[in-house]
>>> print(open('entry.txt').read())   # compact mmCIF, C-alpha atoms
# COMPACT_ATOMS: atom_id res chain seq x y z
CA GLY A 21 80.90 172.99 -200.38
CA GLN A 22 81.18 171.94 -203.97
CA GLN A 23 84.20 169.80 -204.80
CA LEU A 24 85.57 168.36 -207.99
CA ASN A 25 87.55 165.16 -208.39
CA GLN A 26 89.93 164.64 -211.27
CA SER A 27 91.37 161.36 -212.44
CA PRO A 28 93.95 160.27 -212.93
CA GLN A 29 96.02 162.44 -210.58
CA SER A 30 99.02 161.97 -212.85
CA MET A 31 99.89 160.08 -215.98
CA PHE A 32 102.96 159.25 -218.01
CA ILE A 33 102.44 158.59 -221.69
CA GLN A 34 104.56 158.09 -224.79
CA GLU A 35 104.65 160.84 -227.38
CA GLY A 36 102.00 160.15 -230.02
CA GLU A 37 99.60 158.39 -227.65
CA ASP A 38 96.08 159.59 -226.95
CA VAL A 39 95.16 160.82 -223.47
CA SER A 40 91.88 160.78 -221.60
CA MET A 41 91.13 162.42 -218.26
CA ASN A 42 87.92 163.19 -216.43
CA CYS A 43 86.36 165.36 -213.82
CA THR A 44 83.45 164.43 -211.56
CA SER A 45 81.35 166.19 -208.98
CA SER A 46 78.50 165.46 -206.62
CA SER A 47 76.96 168.79 -207.66
CA ILE A 48 75.37 169.87 -210.91
CA PHE A 49 77.12 172.54 -212.95
CA ASN A 50 75.90 174.56 -215.91
CA THR A 51 79.34 175.39 -217.26
CA TRP A 52 82.54 173.37 -217.49
CA LEU A 53 85.92 174.77 -218.41
CA TRP A 54 89.22 173.02 -219.02
CA TYR A 55 92.53 174.78 -218.37
CA LYS A 56 96.23 173.88 -218.77
CA GLN A 57 98.84 175.31 -216.45
CA ASP A 58 102.60 175.34 -216.96
CA PRO A 59 104.93 175.71 -213.95
CA GLY A 60 105.03 179.26 -212.61
CA GLU A 61 102.33 180.49 -214.96
CA GLY A 62 98.61 181.12 -214.79
CA PRO A 63 96.11 178.62 -216.22
CA VAL A 64 95.35 178.92 -219.92
CA LEU A 65 91.78 178.30 -221.10
CA LEU A 66 91.51 175.33 -223.49
CA ILE A 67 87.82 174.59 -223.92
CA ALA A 68 84.51 175.88 -222.53
CA LEU A 69 81.32 173.78 -222.41
CA TYR A 70 77.84 175.20 -221.81
CA LYS A 71 75.31 172.48 -222.50
CA ALA A 72 74.78 168.93 -221.20
CA GLY A 73 75.97 166.45 -223.82
CA GLU A 74 77.96 169.09 -225.70
CA LEU A 75 81.11 167.84 -227.43
CA THR A 76 83.62 170.53 -228.38
CA SER A 77 87.01 170.31 -230.09
CA ASN A 78 89.98 172.64 -230.15
CA GLY A 79 92.67 171.21 -232.41
CA ARG A 80 93.83 167.91 -230.91
CA LEU A 81 91.70 168.49 -227.80
CA THR A 82 88.13 167.29 -227.40
CA ALA A 83 85.98 167.80 -224.31
CA GLN A 84 82.47 166.73 -223.40
CA PHE A 85 79.91 168.02 -220.93
CA GLY A 86 78.37 164.97 -219.25
CA ILE A 87 74.67 164.29 -219.63
CA THR A 88 74.14 164.25 -215.86
CA ARG A 89 75.85 167.70 -215.66
CA LYS A 90 78.05 166.26 -212.92
CA ASP A 91 81.03 165.30 -215.04
CA SER A 92 83.22 166.22 -217.98
CA PHE A 93 86.09 164.62 -219.80
CA LEU A 94 89.01 165.84 -221.88
CA ASN A 95 90.78 163.89 -224.59
CA ILE A 96 94.09 164.80 -226.19
CA SER A 97 94.97 163.00 -229.39
CA ALA A 98 98.50 162.29 -230.68
CA SER A 99 100.25 163.84 -227.69
CA ILE A 100 103.37 165.96 -228.19
CA PRO A 101 106.01 167.11 -225.69
CA SER A 102 104.44 170.55 -225.24
CA ASP A 103 101.27 168.89 -223.87
CA VAL A 104 103.19 168.43 -220.61
CA GLY A 105 101.56 170.32 -217.76
CA ILE A 106 98.71 170.24 -215.28
CA TYR A 107 95.17 170.10 -216.61
CA PHE A 108 92.42 171.56 -214.46
CA CYS A 109 88.69 171.28 -214.86
CA ALA A 110 86.46 173.99 -213.44
CA GLY A 111 82.71 173.86 -212.92
CA SER A 112 80.32 176.71 -212.39
CA TYR A 113 76.74 177.30 -211.43
CA GLY A 114 76.73 181.07 -211.68
CA GLN A 115 79.74 183.37 -211.57
CA ASN A 116 81.86 181.37 -209.17
CA PHE A 117 84.03 178.57 -210.38
CA VAL A 118 85.24 175.54 -208.48
CA PHE A 119 88.49 174.01 -209.71
CA GLY A 120 89.56 170.40 -209.49
CA PRO A 121 92.96 169.39 -208.07
CA GLY A 122 94.37 168.78 -211.54
CA THR A 123 95.79 165.96 -213.63
CA ARG A 124 99.56 166.14 -214.14
CA LEU A 125 100.55 164.94 -217.61
CA SER A 126 104.06 163.87 -218.53
CA VAL A 127 104.95 162.97 -222.12
CA LEU A 128 107.91 160.70 -222.69
CA PRO A 129 109.79 161.04 -226.01
CA ASP B 30 95.02 192.53 -226.77
CA THR B 31 97.74 192.35 -224.16
CA GLY B 32 96.17 189.82 -221.81
CA VAL B 33 95.88 189.95 -218.02
CA SER B 34 98.97 191.28 -216.28
CA GLN B 35 99.95 191.03 -212.62
CA ASP B 36 102.59 192.83 -210.63
CA PRO B 37 104.84 191.85 -208.99
CA ARG B 38 105.46 188.32 -210.24
CA HIS B 39 107.23 187.37 -207.02
CA LYS B 40 107.11 188.83 -203.53
CA ILE B 41 109.05 187.72 -200.47
CA THR B 42 108.00 189.30 -197.21
CA LYS B 43 108.47 188.80 -193.52
CA ARG B 44 105.62 187.63 -191.35
CA GLY B 45 103.57 190.53 -190.08
CA GLN B 46 104.27 192.83 -193.03
CA ASN B 47 101.59 194.12 -195.38
CA VAL B 48 101.71 193.36 -199.11
CA THR B 49 99.75 194.66 -202.08
CA PHE B 50 99.37 193.06 -205.48
CA ARG B 51 98.06 194.63 -208.66
CA CYS B 52 96.08 193.12 -211.52
CA ASP B 53 95.38 194.74 -214.88
CA PRO B 54 92.63 192.85 -216.71
CA ILE B 55 92.14 192.54 -220.43
CA SER B 56 90.95 195.94 -221.59
CA GLU B 57 87.17 196.29 -221.57
CA HIS B 58 86.68 193.14 -219.51
CA ASN B 59 84.22 194.23 -216.86
CA ARG B 60 84.58 191.18 -214.62
CA LEU B 61 87.65 190.55 -212.49
CA TYR B 62 88.39 187.63 -210.18
CA TRP B 63 91.03 186.85 -207.57
CA TYR B 64 92.08 183.29 -206.77
CA ARG B 65 94.64 181.71 -204.49
CA GLN B 66 96.54 178.60 -205.48
CA THR B 67 98.72 176.48 -203.22
CA LEU B 68 101.13 173.81 -204.39
CA GLY B 69 99.42 170.78 -205.84
CA GLN B 70 95.95 172.32 -205.77
CA GLY B 71 93.67 174.05 -208.20
CA PRO B 72 92.89 177.75 -207.87
CA GLU B 73 90.50 178.68 -205.03
CA PHE B 74 88.08 181.55 -205.53
CA LEU B 75 88.63 184.59 -203.31
CA THR B 76 86.53 187.43 -204.69
CA TYR B 77 84.84 188.80 -207.79
CA PHE B 78 84.21 192.30 -209.17
CA GLN B 79 81.79 193.45 -211.81
CA ASN B 80 83.05 196.86 -212.84
CA GLU B 81 83.95 198.56 -209.54
CA ALA B 82 81.47 196.61 -207.42
CA GLN B 83 82.75 193.73 -205.33
CA LEU B 84 79.89 191.26 -205.72
CA GLU B 85 81.11 188.19 -203.93
CA LYS B 86 83.72 187.21 -201.36
CA SER B 87 84.79 183.73 -200.32
CA ARG B 88 85.05 182.60 -196.73
CA LEU B 89 88.76 182.24 -197.53
CA LEU B 90 88.99 186.03 -197.65
CA SER B 91 89.66 186.79 -193.99
CA ASP B 92 89.49 190.30 -192.58
CA ARG B 93 93.23 190.65 -193.23
CA PHE B 94 92.51 190.57 -196.96
CA SER B 95 91.00 193.45 -198.88
CA ALA B 96 90.48 193.91 -202.58
CA GLU B 97 89.54 197.01 -204.52
CA ARG B 98 88.77 197.97 -208.08
CA PRO B 99 88.24 201.72 -207.73
CA LYS B 100 87.63 202.71 -211.34
CA GLY B 101 86.47 199.40 -212.71
CA SER B 102 89.79 198.80 -214.46
CA PHE B 103 92.79 197.54 -212.48
CA SER B 104 92.40 195.86 -209.09
CA THR B 105 94.55 195.57 -205.99
CA LEU B 106 94.63 192.82 -203.39
CA GLU B 107 96.13 193.73 -200.02
CA ILE B 108 97.08 191.30 -197.29
CA GLN B 109 97.70 192.83 -193.89
CA ARG B 110 99.82 191.26 -191.15
CA THR B 111 100.91 188.41 -193.40
CA GLU B 112 101.18 184.89 -191.99
CA GLN B 113 103.19 181.95 -193.27
CA GLY B 114 99.95 180.30 -194.34
CA ASP B 115 99.42 183.13 -196.80
CA SER B 116 102.29 181.82 -198.92
CA ALA B 117 100.71 180.90 -202.24
CA MET B 118 100.29 181.95 -205.85
CA TYR B 119 97.69 184.72 -206.18
CA LEU B 120 95.98 184.63 -209.55
CA CYS B 121 93.84 187.24 -211.21
CA ALA B 122 91.42 186.52 -214.04
CA SER B 123 89.06 188.60 -216.13
CA SER B 124 86.07 187.96 -218.32
CA SER B 125 83.77 189.95 -220.55
CA ARG B 126 80.06 190.52 -220.18
CA VAL B 127 79.81 190.36 -223.95
CA GLY B 128 80.16 187.00 -225.64
CA SER B 129 81.06 184.29 -223.17
CA PRO B 130 81.10 185.79 -219.64
CA TYR B 131 82.12 182.50 -218.09
CA GLU B 132 85.39 182.26 -219.98
CA GLN B 133 87.92 183.54 -217.50
CA TYR B 134 91.40 184.48 -218.71
CA PHE B 135 94.15 184.29 -216.13
CA GLY B 136 97.22 186.38 -215.55
CA PRO B 137 100.64 184.88 -214.76
CA GLY B 138 100.11 185.19 -211.01
CA THR B 139 102.02 186.70 -208.10
CA ARG B 140 103.92 184.17 -206.02
CA LEU B 141 104.00 185.25 -202.36
CA THR B 142 106.47 183.77 -199.91
CA VAL B 143 106.09 184.73 -196.25
CA THR B 144 109.18 183.99 -194.16
>>> encode(input="entry.txt", output="structure tokens")
Amino acid sequence: GQQLNQSPQSMFIQEGEDVSMNCTSSSIFNTWLWYKQDPGEGPVLLIALYKAGELTSNGRLTAQFGITRKDSFLNISASIPSDVGIYFCAGSYGQNFVFGPGTRLSVLP
Amino acid sequence: DTGVSQDPRHKITKRGQNVTFRCDPISEHNRLYWYRQTLGQGPEFLTYFQNEAQLEKSRLLSDRFSAERPKGSFSTLEIQRTEQGDSAMYLCASSSRVGSPYEQYFGPGTRLTVT
């Protein structure tokens, strides 16, 4: 079946630093979504991407839909403590979504 | 807009018991999804409804699992004869046909522990 890989698995950064994480697949997707999940809560939608090459921003977050349609990346600029959490990418070709295993972000003061 | 709600938030049950979870989607969202999430993993798709019709089911949804959405609004997920391997967070999400149908909004989840 379709699988997504996310890297890095976890990262520790200093407050104020920029963060970059990516998501890759062996399959082509026509939609990419990025979510953030806090402990004990459901994922919260951050950014949705619908077109190869698309670059979309949401505040300090920027995400891109890879040209090959097999990857996506998420950047967070000037990280703050509330950015701590697990970031999931999800890819879709149709109504079903496949989620990656997540990147765990820790922000050190 | 009150968001997706799920009830209960936590459920502890003994192996072999039946459990039922409820999901109330965002009002007027016609699409509803159930996912299962285990520790350290991303959500895994279980099933999907458009209005009251169950359009797709994952292989993960064994015959002990059943989901309904009788009036196209709230949905229930029942697990019969629970097993320890059923312990997980069960997430519900909804999306709208209008606008961006692929943008799924998740509820807080129901954490199931089978002892």
>>> closest_residue(input="entry.txt", among="B:Tyr64, B:Tyr119, B:Phe50, B:Phe74", to="Phe117 (chain A)", atoms="only C-alpha atoms")
B:Phe74
>>> residues_around(input="entry.txt", residues="Leu65 (chain A)", least_positions_apart="4", cutoff="9 Å", atoms="only C-alpha atoms", output="list in words")
Leu53, Trp54, Tyr55, Lys56 and Gln57 of chain A; Glu132, Gln133, Tyr134 and Phe135 of chain B
>>> residues_around(input="entry.txt", residues="Gly62 (chain A)", least_positions_apart="2", cutoff="12 Å", atoms="all atoms listed in the file", output="compact mmCIF listing (two decimals) with C-alpha atoms, keeping the file's coordinate frame")
# COMPACT_ATOMS: atom_id res chain seq x y z
CA TYR A 55 92.53 174.78 -218.37
CA LYS A 56 96.23 173.88 -218.77
CA GLN A 57 98.84 175.31 -216.45
CA ASP A 58 102.60 175.34 -216.96
CA PRO A 59 104.93 175.71 -213.95
CA GLY A 60 105.03 179.26 -212.61
CA VAL A 64 95.35 178.92 -219.92
CA LEU A 65 91.78 178.30 -221.10
CA GLY A 105 101.56 170.32 -217.76
CA ILE A 106 98.71 170.24 -215.28
CA TYR A 107 95.17 170.10 -216.61
CA PHE A 108 92.42 171.56 -214.46
CA GLY B 32 96.17 189.82 -221.81
CA VAL B 33 95.88 189.95 -218.02
CA SER B 34 98.97 191.28 -216.28
CA GLN B 35 99.95 191.03 -212.62
CA ARG B 38 105.46 188.32 -210.24
CA TRP B 63 91.03 186.85 -207.57
CA TYR B 64 92.08 183.29 -206.77
CA ARG B 65 94.64 181.71 -204.49
CA GLN B 66 96.54 178.60 -205.48
CA GLY B 71 93.67 174.05 -208.20
CA PRO B 72 92.89 177.75 -207.87
CA MET B 118 100.29 181.95 -205.85
CA TYR B 119 97.69 184.72 -206.18
CA LEU B 120 95.98 184.63 -209.55
CA CYS B 121 93.84 187.24 -211.21
CA ALA B 122 91.42 186.52 -214.04
CA GLN B 133 87.92 183.54 -217.50
CA TYR B 134 91.40 184.48 -218.71
CA PHE B 135 94.15 184.29 -216.13
CA GLY B 136 97.22 186.38 -215.55
CA PRO B 137 100.64 184.88 -214.76
CA GLY B 138 100.11 185.19 -211.01
CA THR B 139 102.02 186.70 -208.10
CA ARG B 140 103.92 184.17 -206.02
>>> residues_around(input="entry.txt", residues="Leu75 (chain A)", least_positions_apart="3", cutoff="8 Å", atoms="only C-alpha atoms", output="PyMOL selection string")
chain A and resi 69+82-85
>>> axis_aligned_box(input="entry.txt", around="region 69-72 of chain B", padding_each_side="4 Å", output="JSON")
{"center_x": 96.2, "center_y": 174.3, "center_z": -207.0, "size_x": 14.5, "size_y": 15.0, "size_z": 10.4}
>>> atom_distance(input="entry.txt", atom1="CA of Asn47 (chain B)", atom2="CA of Glu97 (chain B)")
15.4 Å
>>> closest_residue(input="entry.txt", among="A:Ala110, A:Pro28, A:Ser92, A:Asn116", to="Thr44 (chain A)", atoms="all atoms listed in the file")
A:Ser92
>>> closest_residue(input="entry.txt", among="B:Glu57, B:Leu75, B:Lys100, B:Cys52", to="chain A", atoms="all atoms listed in the file")
B:Leu75
>>> closest_residue(input="entry.txt", among="B:Ser87, B:Tyr131, B:Thr67, B:Val48", to="Trp52 (chain A)", atoms="all atoms listed in the file")
B:Tyr131
>>> residues_near_point(input="entry.txt", point="(86.4, 191.1, -214.9)", cutoff="7 Å", atoms="all atoms listed in the file", output="list in words")
Pro54, His58, Asn59, Arg60, Leu61, Tyr62, Phe78, Gln79, Asn80, Ala122, Ser123, Ser124 and Ser125 of chain B
>>> write_last_selection(input="entry.txt", atoms="C-alpha atoms", output="PDB file, in the coordinates of the input")
ATOM      1  CA  PRO B  54      92.630 192.850-216.710  1.00  0.00           C
ATOM      2  CA  HIS B  58      86.680 193.140-219.510  1.00  0.00           C
ATOM      3  CA  ASN B  59      84.220 194.230-216.860  1.00  0.00           C
ATOM      4  CA  ARG B  60      84.580 191.180-214.620  1.00  0.00           C
ATOM      5  CA  LEU B  61      87.650 190.550-212.490  1.00  0.00           C
ATOM      6  CA  TYR B  62      88.390 187.630-210.180  1.00  0.00           C
ATOM      7  CA  PHE B  78      84.210 192.300-209.170  1.00  0.00           C
ATOM      8  CA  GLN B  79      81.790 193.450-211.810  1.00  0.00           C
ATOM      9  CA  ASN B  80      83.050 196.860-212.840  1.00  0.00           C
ATOM     10  CA  ALA B 122      91.420 186.520-214.040  1.00  0.00           C
ATOM     11  CA  SER B 123      89.060 188.600-216.130  1.00  0.00           C
ATOM     12  CA  SER B 124      86.070 187.960-218.320  1.00  0.00           C
ATOM     13  CA  SER B 125      83.770 189.950-220.550  1.00  0.00           C
TER      14      SER B 125
END
>>> atom_distance(input="entry.txt", atom1="CA of Tyr77 (chain B)", atom2="CA of Gln109 (chain B)")
19.4 Å
>>> atom_distance(input="entry.txt", atom1="CA of Gly69 (chain B)", atom2="CA of Leu125 (chain A)")
13.2 Å
>>> closest_residue(input="entry.txt", among="A:Val127, A:Val39, A:Ile48, A:Met31", to="Arg89 (chain A)", atoms="all atoms listed in the file")
A:Ile48
>>> closest_residue(input="entry.txt", among="A:Gly36, A:Gly111, A:Gly86, A:Pro63", to="chain B", atoms="only C-alpha atoms")
A:Pro63
>>> residues_near_point(input="entry.txt", point="(95.1, 198.7, -210.4)", cutoff="8 Å", atoms="only C-alpha atoms", output="MDAnalysis selection string")
chainID B and resid 51:53 98:99 102:105
